Amino acid sequence: MHRVSARYRLAVVLLVALALGLSGCSLFAPEETDPPGGGDNDYKERTTRPNVIHNLIRAYEEMEADEYVDLLADDFEFWLNPGDLNDPQNPLPTSWGKAEESAIAHNMFDEGTDVLTITLTLTQLGSEVEIPGPNPEDPVTWQSQYDVDLYVFLPNDLTLWANAAAQYTFAEDPNETGPNGETLWEILEWKDIDDPARPAVPGDFEQVSFTELKAMFQ
């Protein structure tokens, strides 16, 4: 079935929400309380993989692009959701690197963005997996999957909701160590996982994938 481009869909829902807002109506009624976020407000040393995930959540919720980009390896890759690659009117690559991801983060978080607030919860699914390098001398990486619960709040009570799973691959940072020489970790790869069985929109949210969300801010 033909997919509507992410940018076009966002533009349409923003115009509808604006029109209803000016008339005193609200199509996307907010909940009494915001969905849960990431909790602890302090950034942590990247001495563990969970600390990297903690910092990712904080960077998104605080909308701090530089802090987010600092978590990414120089050869970082974001692999787009396979379900979002079949729209001929909005062709997307299968992946992009750190430069593209940095530009998207600044477009989404910096002054002038339409984004008001963000809440993000990442819940680990199962245990992390050790991934040996192709050669015995290559460094080991670690891979984990997370349940995603992301809310992006826009003007006129419009909320975007992403809930497809994400897979992260972590590698040791070759360029930086902790204050006492500790190994630091960074994100080498992020895969947006296609899950046709994920829950449907609960009513007041515009459902998107992480891929669609990022593509809106390219």
# chains A, B, ... in the order shown; residues from 1 in each chain; ligands from 1
$ select_by_dssp --residues "region 70-107 of chain A" --states "helix (DSSP H, G or I)" --output "VMD selection string"
chain A and resid 82 to 84 98 to 107
$ residues_around --residues "region 41-56 of chain A" --least-positions-apart "3" --cutoff "12 Å" --atoms "only C-alpha atoms" --output "JSON, numbers by chain"
{"A": [37, 38, 59, 60, 61, 62, 63, 64, 65, 66, 67, 68, 69, 70, 71, 72, 73, 105, 119, 120, 121, 122, 123, 124, 127, 128, 129, 141, 142, 143, 144, 145, 146, 148, 166, 167, 168, 169, 170, 171, 172, 173, 176, 177, 178, 179, 180, 181, 182, 183, 184, 185, 186, 187, 188, 190]}
$ atom_distance --atom1 "CA of Met108 (chain A)" --atom2 "CA of Asp84 (chain A)"
19.4 Å
$ closest_residue --among "A:Ser209, A:Thr94, A:Thr159, A:Asn175" --to "Leu116 (chain A)" --atoms "only C-alpha atoms"
A:Thr159
$ residues_around --residues "Trp79 (chain A)" --least-positions-apart "6" --cutoff "8 Å" --atoms "only C-alpha atoms" --output "list in words"
Thr94, Ser95, Trp96, Glu189, Trp190, Lys191 and Asp192 of chain A
$ write_last_selection --atoms "N, CA, C and O atoms" --output "PDB file, in the first residue's frame"
ATOM      1  N   THR A  94      19.277   2.969   3.244  1.00  0.00           N
ATOM      2  CA  THR A  94      19.157   1.901   4.244  1.00  0.00           C
ATOM      3  C   THR A  94      19.830   2.292   5.553  1.00  0.00           C
ATOM      4  O   THR A  94      19.457   1.801   6.620  1.00  0.00           O
ATOM      5  N   SER A  95      20.815   3.205   5.475  1.00  0.00           N
ATOM      6  CA  SER A  95      21.502   3.651   6.691  1.00  0.00           C
ATOM      7  C   SER A  95      22.115   5.018   6.439  1.00  0.00           C
ATOM      8  O   SER A  95      22.216   5.480   5.300  1.00  0.00           O
ATOM      9  N   TRP A  96      22.507   5.692   7.531  1.00  0.00           N
ATOM     10  CA  TRP A  96      23.310   6.909   7.418  1.00  0.00           C
ATOM     11  C   TRP A  96      24.299   6.955   8.572  1.00  0.00           C
ATOM     12  O   TRP A  96      24.206   6.190   9.533  1.00  0.00           O
ATOM     13  N   GLU A 189      26.411   1.300  16.479  1.00  0.00           N
ATOM     14  CA  GLU A 189      25.338   1.034  15.530  1.00  0.00           C
ATOM     15  C   GLU A 189      23.985   1.094  16.246  1.00  0.00           C
ATOM     16  O   GLU A 189      23.852   0.671  17.394  1.00  0.00           O
ATOM     17  N   TRP A 190      22.992   1.661  15.567  1.00  0.00           N
ATOM     18  CA  TRP A 190      21.610   1.718  16.074  1.00  0.00           C
ATOM     19  C   TRP A 190      20.718   1.235  14.951  1.00  0.00           C
ATOM     20  O   TRP A 190      20.708   1.808  13.857  1.00  0.00           O
ATOM     21  N   LYS A 191      19.952   0.175  15.218  1.00  0.00           N
ATOM     22  CA  LYS A 191      19.010  -0.352  14.240  1.00  0.00           C
ATOM     23  C   LYS A 191      17.587  -0.108  14.729  1.00  0.00           C
ATOM     24  O   LYS A 191      17.228  -0.477  15.850  1.00  0.00           O
ATOM     25  N   ASP A 192      16.788   0.528  13.881  1.00  0.00           N
ATOM     26  CA  ASP A 192      15.354   0.699  14.145  1.00  0.00           C
ATOM     27  C   ASP A 192      14.661  -0.555  13.634  1.00  0.00           C
ATOM     28  O   ASP A 192      14.673  -0.836  12.439  1.00  0.00           O
TER      29      ASP A 192
END
$ atom_distance --atom1 "CA of Glu111 (chain A)" --atom2 "CA of Trp161 (chain A)"
21.9 Å
$ closest_residue --among "A:Leu158, A:Gln218, A:Asp149, A:Gly133" --to "Ser102 (chain A)" --atoms "only C-alpha atoms"
A:Gln218
$ select_by_dssp --residues "region 25-196 of chain A" --states "strand (DSSP E)" --output "MDAnalysis selection string"
chainID A and resid 72:79 95:97 117:131 141:154 158:162 166:177 183:192
$ closest_residue --among "A:Asp157, A:Leu125, A:Asp75, A:Met216" --to "Asp204 (chain A)" --atoms "only C-alpha atoms"
A:Asp157
$ residues_around --residues "Leu213 (chain A)" --least-positions-apart "4" --cutoff "12 Å" --atoms "only C-alpha atoms" --output "CSV table (one decimal) with N, CA and C atoms, in the first residue's frame"
chain,number,residue,atom,x,y,z
A,5,SER,N,4.6,10.3,2.8
A,5,SER,CA,5.9,10.7,3.3
A,5,SER,C,5.8,11.3,4.7
A,6,ALA,N,6.8,11.0,5.5
A,6,ALA,CA,6.8,11.5,6.9
A,6,ALA,C,6.7,13.0,7.0
A,7,ARG,N,7.4,13.8,6.1
A,7,ARG,CA,7.3,15.2,6.2
A,7,ARG,C,5.9,15.7,5.8
A,9,ARG,N,3.0,14.1,6.1
A,9,ARG,CA,2.1,13.7,7.1
A,9,ARG,C,2.2,14.6,8.3
A,10,LEU,N,3.4,15.0,8.7
A,10,LEU,CA,3.6,15.9,9.8
A,10,LEU,C,3.1,17.3,9.5
A,80,LEU,N,18.0,2.3,9.1
A,80,LEU,CA,16.6,2.7,9.1
A,80,LEU,C,15.6,1.5,9.2
A,81,ASN,N,14.4,1.8,9.7
A,81,ASN,CA,13.4,0.8,9.8
A,81,ASN,C,13.1,0.2,8.4
A,84,ASP,N,10.0,1.5,6.4
A,84,ASP,CA,10.0,2.8,5.9
A,84,ASP,C,10.8,3.1,4.7
A,101,GLU,N,23.4,12.0,11.3
A,101,GLU,CA,22.7,11.8,12.6
A,101,GLU,C,22.9,13.1,13.4
A,104,ILE,N,20.6,15.9,12.1
A,104,ILE,CA,19.2,15.6,12.5
A,104,ILE,C,19.0,16.0,13.9
A,105,ALA,N,19.9,15.6,14.8
A,105,ALA,CA,19.8,15.9,16.2
A,105,ALA,C,19.8,17.4,16.4
A,107,ASN,N,18.8,19.7,14.2
A,107,ASN,CA,17.5,20.2,13.7
A,107,ASN,C,16.4,19.9,14.6
A,108,MET,N,16.4,18.8,15.3
A,108,MET,CA,15.4,18.4,16.2
A,108,MET,C,15.4,19.1,17.6
A,115,VAL,N,9.7,21.2,18.2
A,115,VAL,CA,9.6,20.2,19.3
A,115,VAL,C,9.5,21.0,20.7
A,150,LEU,N,8.7,6.4,23.1
A,150,LEU,CA,9.1,7.8,22.8
A,150,LEU,C,7.9,8.7,22.6
A,151,TYR,N,7.8,9.8,23.2
A,151,TYR,CA,6.8,10.8,23.0
A,151,TYR,C,7.4,12.1,22.6
A,152,VAL,N,7.0,12.7,21.5
A,152,VAL,CA,7.5,14.0,21.0
A,152,VAL,C,6.4,14.9,21.0
A,153,PHE,N,6.4,16.0,21.9
A,153,PHE,CA,5.3,16.9,22.0
A,153,PHE,C,5.5,18.1,21.1
A,159,THR,N,1.0,15.1,19.5
A,159,THR,CA,2.1,14.2,20.1
A,159,THR,C,2.4,13.1,19.1
A,160,LEU,N,3.7,12.9,18.8
A,160,LEU,CA,4.2,11.8,18.0
A,160,LEU,C,4.7,10.7,19.0
A,161,TRP,N,4.3,9.5,18.6
A,161,TRP,CA,4.6,8.3,19.5
A,161,TRP,C,5.3,7.3,18.7
A,162,ALA,N,6.5,6.9,19.2
A,162,ALA,CA,7.3,5.8,18.6
A,162,ALA,C,7.4,4.6,19.6
A,163,ASN,N,7.1,3.4,19.1
A,163,ASN,CA,7.2,2.3,20.1
A,163,ASN,C,7.8,1.0,19.4
A,164,ALA,N,8.5,1.1,18.3
A,164,ALA,CA,9.2,0.0,17.7
A,164,ALA,C,10.5,-0.2,18.5
A,192,ASP,N,16.8,0.5,13.9
A,192,ASP,CA,15.4,0.7,14.1
A,192,ASP,C,14.7,-0.6,13.6
A,206,GLU,N,0.0,10.4,17.1
A,206,GLU,CA,0.4,10.1,15.8
A,206,GLU,C,1.5,9.1,15.8
A,207,GLN,N,1.3,7.9,15.4
A,207,GLN,CA,2.3,6.9,15.6
A,207,GLN,C,3.3,7.0,14.5
A,208,VAL,N,4.6,6.9,14.8
A,208,VAL,CA,5.7,7.0,13.9
A,208,VAL,C,6.8,6.0,14.3
A,209,SER,N,7.7,5.7,13.5
A,209,SER,CA,8.9,4.9,13.8
A,209,SER,C,10.0,5.9,14.2
A,217,PHE,N,13.3,15.6,10.3
A,217,PHE,CA,14.3,16.6,10.7
A,217,PHE,C,15.6,16.6,9.9
A,218,GLN,N,15.5,15.9,8.8
A,218,GLN,CA,16.7,15.8,7.9
A,218,GLN,C,17.0,17.2,7.3
